[in-house]
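Novice: Pasting a structure here, questions to come.
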Amino acid sequence: MLKMKKYPRFDEYKVLALRILLAYIFYSIARVLFYVYNSSLIKIDSVTDFLNLCYHGLAFDTTTILYVNGLFILGSILPFVNNSKKTYQKVLFYIYFSTNLLAYAANFIDFIYYRYTFSRSTRASLDTLENEQNKGLLLFNFLINYWHVFLLFFVLAFAWIWLYKKTNVQPKQETPNTKYFGFSIVSLLFIATICIGGIRGDFKKSTRPINILDASRHVSNVSQSDVVLNTPFAIIRTWNTNTFKKVNFVSKAQVDRLLVPIKEYKNNPPTKPNVVIFILESFAREYSGAFNKNSKIPGYEGYTPFVDSLANHSLIFTNAYANGWKSIHGMSSVIAGVPSFQNAFTSSPYPKQKIESLVSTLKGQGYDTSFFHGAPNGSMGFLGFGNILGYDHYYGKTEYNNDADFDGVWGIWDEPFFQYFNKTLSQKKQPFMATLFSVSSHEPYKVPEKYKGRFPKGKVNINESIGYTDYALQQFFAAAKRQPWYKNTIFVMVADHGNTIAYDEYKKEFNKNTVPILFFSPDEKYVGVNNDWAQQIDIYPTLLDMIGYQKPFRSWGRSLINDKQVAPFVIKYGSNMYQFMSGNYICTFDGKKATGFYDKNDKAMEHNLISKRNAEMDLLELRCKAFIQDYMERVIDKRLTTVK
C-alpha cells in the first residue's frame with residue numbers, strides 16, 4: 001500500500017490544513033474572550049451550554065476563515081512547481097497574516113463595542129464610523145481606555161505567527177510531469193468544492209448561504225447568538241445588504257399624521273380568542289377561485305376548492321399584496337408587521353433587536369405562542385427570527401420525529417404535519433397564538449405517491465401541489481372542529497409570496513406578488529368580500545383590533561376592519577422601485593422622488609400620468625416618503641416598539 005507522502009505535494013496540503021486549523025484555534029480563543037468581556041450581558045447557564053454555542057459557531061468561523069483565506073488557499077494549491085520554495089512561502093506568509101489579522105482584529109473591537117450596541121458589529125457599524133470626523137481621536141481614546149484589548153490582540157497575533165512558522169514546508173524540487181499536474185488539479189477541484197460548501201455554511205441543498213439570522217437557531221436566549229457569531233462574519237454577510245439609510249423627506253408631525261406609526265384601537269371589547277395563522281408557501285392569489293371572481297381572466301381555473309368554500313364564511317381581501325419576495329419576508333411582514341424592500345430586513349444588520357409583534361403583544365396578554373414549520377429546524381431562517389420575536393415554542397421536523405412522512409426534499413408533507421399541528425394545539429392551555437408555515441407547495445412541487453392523479457395538474461408546475469395543500473387544510477379543519485378550542489379561535493390564511501404565473505393578468509408588474517388574505521372565525525363574526533388595498537403588514541393590527549387589544553402598539557399597517565385614520569394602501573418593492581398604492585393611483589418612487597403615477601387599474605404600467613399630477617398624486621408621494629422615512633429611522637435606531 002502506498003504511503004500518502006509519496007503522492008506529489010502531500011506535505012504542502014498537510015501544512016495548508018494545519019495553517020487553516022490555526023485560524024480556527026484563534027477564532028475560538030476570541031470567542032471565549034468575547035464572552036469573558038460581555039458575560040454580564042449574555043446569559044449562559046453552564047459550561048456545557050457555552051461549549052454547545054462554540055460548536056455551532058464553527059460553521060460561522062468556517063465561512064469567515066474561508067472568505068478571508070481565499071487568496072492564501074488558492075496560492076497554496078495552484079500547481080506552480082516552485083510552491084515549496086522559500087521565497088514563495090514568504091509571499092504566502094504575508095498574504096496569510098495581512099488578511100487574517102485584519103479580520104481577527106474586528107473581534108477584539110466588539111469585546112468593548114458590544115456593550116453599547118448589544119450586537120456584533122456589521123457593515124452598518126462601519127458606515128456609522130465613516131460619518132465621524134474625529135476618527136483619529138476616537139482610536140486614540142480607545143487605545144488609552146482599553147489598552148488591555150490591544151495587548152491581548154498583539155499577544156495572540158504574536159503567538160499565531162510563532163505557531164505558523166512551526167508549520168514549515170520543506171523546499172522540494174518538483175518534477176513538472178503528468179502525475180504532478182494531474183494530482184494537483186484533482187486536489188484543487190476537491191479543495192475548491194470543500195471551500196464553496198464551507199462558505200455557504202453547509203453541503204446540503206439550501207436556499208441560501210447562512211447569515212446572521214441563522215446564529216439564532218441554536219440559542220435559548222437571543223443574546224447568545226452573538227457568541228455563536230464572529231464579528232468578521234457579521235461584517236462580510238452585511239457588506240452589500242445595508243441599503244438602510246436614514247432619509248429626511250417630511251417633518252415628524254407629517255409622519256405621525258400621514259402614517260400613524262403608533263396605533264391604538266378602542267373599537268372592540270377586550271377578548272382572548274385563540275389566534276391561528278397559516279402562512280402558506282407560495283399560495284399566490286392567482287390560484288384561488290374565491291379571490292378571482294371579478295378578475296375576468298379568460299378560461300380561469302382555480303385549485304383551492306376548500307379555501308374557496310371557507311371563503312364564503314370568512315372575511316377575504318381580494319386586492320392584497322406581499323410586502324416582500326421571500327418566505328422569511330412573509331414571516332416578518334405577517335407576524336411583526338416589518339416589510340422588506342430593496343434588501344431584506346431579516347438579512348440586514350438590524351433584525352436582532354426588540355421587535356413589537358403579534359408574539360410580544362399576545363404574550364403580554366397571557367397567550368402561549370408557537371411556530372410550526374415541517375422543514376428541518378432552522379430552515380428559511382424561521383427558527384432564528386422566531387427566537388428574536390420571542391416565540392415560546394418551535395415545532396419543526398425534529399419535534400415531529402417521523403421521517404416516514406418526509407417528502408425527501410423540504411420537509412414533512414403538509415397533510416400529516418397539519419394533523420400534528422392540530423394535535424399539538426389541542427394539548428395547549430388557552431388562549432394560544434400559533435403560526436404554521438406550510439411546506440409542500442414548494443419546488444419541486446411534488447405530492448405524496450398515494451395522491452398522484454388526485455389533484456389537477458393545472459396550467460403551471462405548482463398547481464397540483466397547491467391542490468394538495470388545500471386538501472391538507474380541509475383535513476385540518478375537519479379534525480379541528482372536534483376540538484374544544486375551535487369555536488374560540490380566529491383563523492388567518494395568507495401566502496408568503498407569489499410563485500409560478502399562468503395568466504397574463506398576474507404577469508403585470510403591479511399584480512406581481514399578490515396574495516390571498518382570509519380571516520375566519522366559527523361564529524362568522526367577520527364575513528364578506530373586500531376589494532380595497534390590503535397587505536401582509538395589515539394582519540398584525542387587524543388581529544389586535546379584532547381581539548380588543550387596548551394598548552398602543554407600533555404598526556406600519558392598518559386594521560382592515562375599523563381603521564379610519566389611515567386610508568387603505570400597499571407598499572412594496574419591485575423593478576428597483578418602491579411601489580405605493582392607494583386610492584385611485586399607484587406611485588413609483590426611486591428612493592428620492594416619484595418616477596411615475598398610474599391609474600389603479602393600469603397594472604401593466606402602460607400609461608405614466610406623472611405629467612398630469614394632481615393633489616391626490618402629490619399626497620400619495622408624500623405618504624410614500626413618510627413611510628420610508630419612519631421605516632428607516634425605526635429599523636436603524638432600533639425603535640420597533642411603541643417608542644415614538
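As shown in the C-alpha cells, the chain order sets the letters A, B, ...; within each chain, residues go from 1, and ligands are also counted from 1 in the order they appear.
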If you count only C-alpha atoms, which residues fall within 9 Å of region 578-595 of chain A, apart from same-chain ones fewer than 4 positions away, as a PyMOL selection string?
Specialist: chain A and resi 247+249+341-342+510+532-533+567-574+599-603+608+610+616-617+620-621+623-625+628
Novice: Show which residues sit within 12 Å of Phe158 (chain A), as a list in words. Count only C-alpha atoms, and ignore same-chain residues fewer than 5 positions away.
Specialist: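 The residues that qualify are Phe26, Phe97, Leu101, Leu151, Leu152, Phe153, Leu163, Tyr164 and Lys165 of chain A.
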Novice: I need the residues from that last selection saved to file as a compact mmCIF listing (two decimals), in the first residue's frame (with N, CA, C and O atoms), if you can.
Specialist:
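New file result.txt:
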```txt
# COMPACT_ATOMS: atom_id res chain seq x y z
N PHE A 26 -7.52 30.21 16.95
CA PHE A 26 -7.50 31.60 17.44
C PHE A 26 -8.88 32.25 17.39
O PHE A 26 -9.19 33.10 18.23
N PHE A 97 -1.19 36.65 6.84
CA PHE A 97 -1.36 37.49 8.03
C PHE A 97 -1.91 38.88 7.72
O PHE A 97 -2.55 39.49 8.58
N LEU A 101 -5.11 38.85 10.19
CA LEU A 101 -5.04 39.72 11.37
C LEU A 101 -5.99 40.91 11.26
O LEU A 101 -6.54 41.37 12.28
N LEU A 151 -3.44 44.82 23.97
CA LEU A 151 -2.40 43.92 24.45
C LEU A 151 -2.76 42.47 24.13
O LEU A 151 -1.92 41.70 23.64
N LEU A 152 -4.00 42.10 24.40
CA LEU A 152 -4.45 40.75 24.08
C LEU A 152 -4.31 40.44 22.60
O LEU A 152 -3.87 39.36 22.21
N PHE A 153 -4.70 41.41 21.76
CA PHE A 153 -4.62 41.19 20.32
C PHE A 153 -3.17 40.95 19.89
O PHE A 153 -2.88 39.99 19.15
N LEU A 163 3.39 30.12 15.90
CA LEU A 163 2.92 28.78 15.58
C LEU A 163 2.92 28.54 14.07
O LEU A 163 3.21 27.43 13.61
N TYR A 164 2.56 29.56 13.32
CA TYR A 164 2.57 29.44 11.86
C TYR A 164 3.97 29.06 11.36
O TYR A 164 4.14 28.19 10.49
N LYS A 165 4.97 29.70 11.92
CA LYS A 165 6.34 29.45 11.47
C LYS A 165 6.82 28.04 11.82
O LYS A 165 7.82 27.57 11.29
```
Novice: By how many Å are CA of Thr62 (chain A) and CA of Asn377 (chain A) apart?
Specialist: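 Straight-line distance from CA of Thr62 (chain A) to CA of Asn377 (chain A) works out to 20.7 Å.
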Novice: Taking only C-alpha atoms into account, name the residue in A:Val32, A:Val334, A:Ile501, A:Val250 that is nearest to Asn461 (chain A).
Specialist: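 Closest to Asn461 (chain A) of all the choices is A:Ile501.
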Novice: Which residues are close to Pro273 (chain A), i.e. within 7 Å by only C-alpha atoms, leaving aside same-chain residues fewer than 2 positions away? Reply as a PyMOL selection string.
Specialist: chain A and resi 271+275+431+488-490+547
Novice: Write a file of the just-selected residues containing N, CA, C and O atoms, as a short mmCIF file (atom, residue, chain, number, x, y, z; two decimals), in the first residue's frame.
Specialist:
```cif
data_model
loop_
_atom_site.label_atom_id
_atom_site.label_comp_id
_atom_site.auth_asym_id
_atom_site.auth_seq_id
_atom_site.Cartn_x
_atom_site.Cartn_y
_atom_site.Cartn_z
N THR A 271 -61.06 40.74 24.48
CA THR A 271 -61.36 39.31 24.49
C THR A 271 -60.05 38.55 24.31
O THR A 271 -59.02 39.13 23.98
N VAL A 275 -55.58 32.49 18.39
CA VAL A 275 -55.23 33.02 17.08
C VAL A 275 -54.36 31.99 16.36
O VAL A 275 -53.30 31.60 16.87
N PRO A 431 -55.56 30.93 26.36
CA PRO A 431 -55.51 31.21 24.92
C PRO A 431 -54.11 30.93 24.36
O PRO A 431 -53.12 31.03 25.07
N ASN A 488 -63.50 29.05 19.76
CA ASN A 488 -62.96 30.27 20.35
C ASN A 488 -61.66 30.67 19.65
O ASN A 488 -60.68 31.04 20.28
N THR A 489 -61.65 30.61 18.31
CA THR A 489 -60.42 30.82 17.56
C THR A 489 -60.66 31.69 16.33
O THR A 489 -61.67 31.55 15.65
N ILE A 490 -59.73 32.60 16.09
CA ILE A 490 -59.68 33.34 14.83
C ILE A 490 -58.60 32.70 13.97
O ILE A 490 -57.45 32.57 14.40
N ILE A 547 -59.43 41.44 18.62
CA ILE A 547 -59.49 40.89 19.99
C ILE A 547 -59.68 41.99 21.04
O ILE A 547 -59.77 41.70 22.23
#
```
Novice: As an NGL selection string, please: every residue in region 291-510 of chain A that DSSP puts in strand (DSSP E).
Specialist: :A and (315-321 or 368-373 or 393-395 or 432-437 or 489-495)
Novice: So which residues touch Asn168 (chain A) within 10 Å, counting only C-alpha atoms, skipping near sequence neighbours fewer than 2 positions away, as a list in words?
Specialist: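 Counting only the stated atoms, we get Asp11, Glu12, Val15, Leu16, Arg19, Ser84, Lys86, Gln89, Leu163, Tyr164, Lys165, Lys166, Gln170 and Pro171 of chain A.
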